[in-house]
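Structure record follows, encoded as structure tokens.
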Amino acid sequence: MSGRDLDGTAAKRSRDRPGIILLTGHWLVWLGMVLAITAISTWLFVVPAEVGVQAENPYKGAVLYLILPLILLVGLGLTGLGILLGRRRIRQGLTGIVDRKTALQRLIAFLVITIGVNLVVGTQLTYRAVVYMDTPQFCGTTCHVMRPEYLGHRDSNHASVACAECHIAPGAGGWFEAKMNGTRQLWQTLTNSYTRPVPSALESGRLVPSKETCERCHWAEKIVATRLLVIPSYAADEQNSDSYTVLMMLVGGEKMQGIHHAHFAGGFEIRYAASDPKRQVIPWVERRNIRTGETQTYLAAGLRPEQAADLPKHTMQCVDCHDRPTHAFWLPDRALDRALALGELSPRLPFIKKQGLATLQGSYVSSAEAAEKIPVAVRKYYQQNYPEVYTRRTAEIAQAGQAILAIYNRNVFPDLQVTWGTYSNSLGHVDFPGCFRCHDGSHATADGQDSITQDCSACHQLLAVQEAAPDILKTLGLWDRIEALKK
């Protein structure tokens with residue numbers, strides 16, 4: 001038998017029983033195996049880091065339990081299709097016949113290279129990607145929807161706390177919910193079907209109880225006693241006249257009388273009913289003494305008990321008052337006062353407070369339009385009304401225009417339908433109802449014998465109210481520091 005006959009016999013045997021040759025006979029097989037091996041390798045690198053972790057980034061769950069399985073299935077599908085096409089090509093003689101030894105060598109070389117590349121990438125990029133997905137930067141910059149919350153987080157006392165620490169509940173339940181929530185959010189972002197403005201966690205019903213988040217650091221038993229609160233304000237006159245309100249906040253604690261003592265730390269449990277999703281209208285309140293079991297129910301004026309029966313009930317927790325401990329948004333008047341107090345705006349510019357308010361409250365269809373018009377409006381105001389001031393303080397006026405624009409960009413996002421007052425802040429009772437949702441003087445028991453107090457001194461002592469130079473700040477040695485900020 002000739003060598004040619006032997007080759008023909010080997011080719012026929014290969015066509016009849018292609019075996020391992022099928023794994024090297026079509027380019028779709030190679031592509032499919034690359035995808036499948038990459039998905040499996042990435043999974044193996046990331047999943048061990050998930051075990052025992054309580055706080056999770058929900059987007060990580062979307063990658064692990066949606067995207068990677070999809071890539072694996074596509075890879076396996078392409079591999080199967082490539083095998084079928086390879087079998088057809090071999091039987092039809094449309095491709096060169098490779099003997100089993102050569103095919104095995106090719107397959108081993110392919111697996112070594114593919115797995116090796118995945119090891120290098122997995123130990124470097126995958127790990128770093130997982131770490132990055134746990135950062136606020138990922139939530140706020142990768143996901144455009146969360147940009148308002150990201151900017152609020154970055155400008156808060158909790159800026160060093162990762163998003164997942166407060167927004168994902170510990171335990172298996174929180175872990176599973178994070179995966180499902182991340183998948184839903186990813187789908188809504190990809191399909192542009194998310195709600196505008198994005199509802200707060202409190203409004204959407206996805207708020208993690210504060211006992212599982214806030215109270216891991218801020219425990220109820222801690223004696224806080226009192227805190228001094230200094231509130232600067234500036235008039236809309238030519239001099240931007242400054243004044244200060246000074247409050248001694250009676251925070252209290254487990255044993256000391258005060259705000260926290262009366263609401264939960266002193267052994268009380270408060271339940272309430274809200275008639276709106278944002279919980280700004282509270283017509284029914286129940287306060288129970290945990291030690292004695294004594295319960296008192298308060299109804300808003302004109303409300304009958306049966307009317308409150310069908311309203312959703314909630315147990316009061318930290319975030320019912322501190323609903324913006326991190327992602328705070330400012331109203332224009334308060335934002336300008338803050339910028340003036342911190343020296344970001346110069347109070348020496350005549351009517352800068354008044355002009356800032358007018359500019360911020362203008363209508364802009366986009367952030368780009370605001371960026372174009374706000375600095376120009378500030379510059380033109382001084383060019384037309386105070387030409388001498390403009391000539392002497394051109395740079396200062398330009399800085400003021402940028403500072404006012406920064407205030408706008410920090411609080412207003414036209415494309416997401418977030419504007420002034422979109423997100424309420426219930427701490428206090430000046431900008432929003434806040435405390436007065438319950439402490440409005442109208443909530444009383446059915447017999448009218450008791451009511452929720454509206455006594456100001458129950459929560460704070462007024463040490464100064466809108467005073468130009470409060471003596472209390474001089475006594476405490478704070479006035480010189482405040483004056484230094486003005487220079």
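Quick note on naming: the chains in the structure tokens go A, B, ... in the order shown, residues restart at 1 in each chain, and ligands are numbered from 1 in order of appearance.
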Q: Just the residues within 12 Å of Leu336 of chain A, please, counting only C-alpha atoms, with nothing from its chain fewer than 2 positions along; format it as a PyMOL selection string.
A: chain A and resi 232-236+240+242+330-334+338-347+352-361+400+403-408+411
Q.
Taking only segment 181-241 of chain A into account, list the residues labelled helix (DSSP H, G or I) by DSSP (computed from the backbone), as a list in words.
A.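 Everything in segment 181-241 of chain A that counts as helix (DSSP H, G or I) is Asn181, Gly182, Thr183, Arg184, Gln185, Leu186, Trp187, Gln188, Thr189, Leu190, Thr191, Ala201, Leu202, Glu203, Ser204, Ser210, Lys211, Glu212, Cys214, Glu215 and Arg216 of chain A.
Among the candidate residues A:Tyr386, A:Val224, A:Phe176, A:Thr79, the one lying nearest to Lys255 of chain A is A:Val224, with distances computed using only C-alpha atoms.
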Q: Rank A:His153, A:His260, A:Arg481, A:Lys380 by their smallest atom-to-atom distance to His218 of chain A, using only C-alpha atoms, and report the top residue only.
A: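 Residue with the minimum atom-to-atom distance to His218 of chain A: A:His260.
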Q) A:Trp43, A:Trp30, A:Phe432, A:Phe138: which is nearest Arg106 of chain A, counting only C-alpha atoms? A)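 Under the stated criterion, the closest residue is A:Trp30.
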(Q) Which residue is closest to Ala262 of chain A? Choose from A:Cys459, A:Asp155, A:Leu473, A:Gly302 and count only C-alpha atoms. (A) A:Cys459
Q. DSSP says strand (DSSP E or B) for which residues of segment 266-425 of chain A? Put them as a list of chain:residue names?
A.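 For segment 266-425 of chain A, the strand (DSSP E or B) set is A:Phe268, A:Glu269, A:Ile270, A:Arg271, A:Tyr272, A:Ala273, A:Trp284, A:Val285, A:Glu286, A:Arg287, A:Arg288, A:Asn289, A:Thr295, A:Gln296, A:Thr297, A:Tyr298, A:Leu299, A:Lys313, A:His314, A:Thr315, A:Phe413, A:Val418.
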Q: Could you give me, as a PyMOL selection string, the residues within 9 Å of Phe268 of chain A, counting only C-alpha atoms and dropping anything in the same chain fewer than 2 positions from it?
A: chain A and resi 261-266+270+287-291
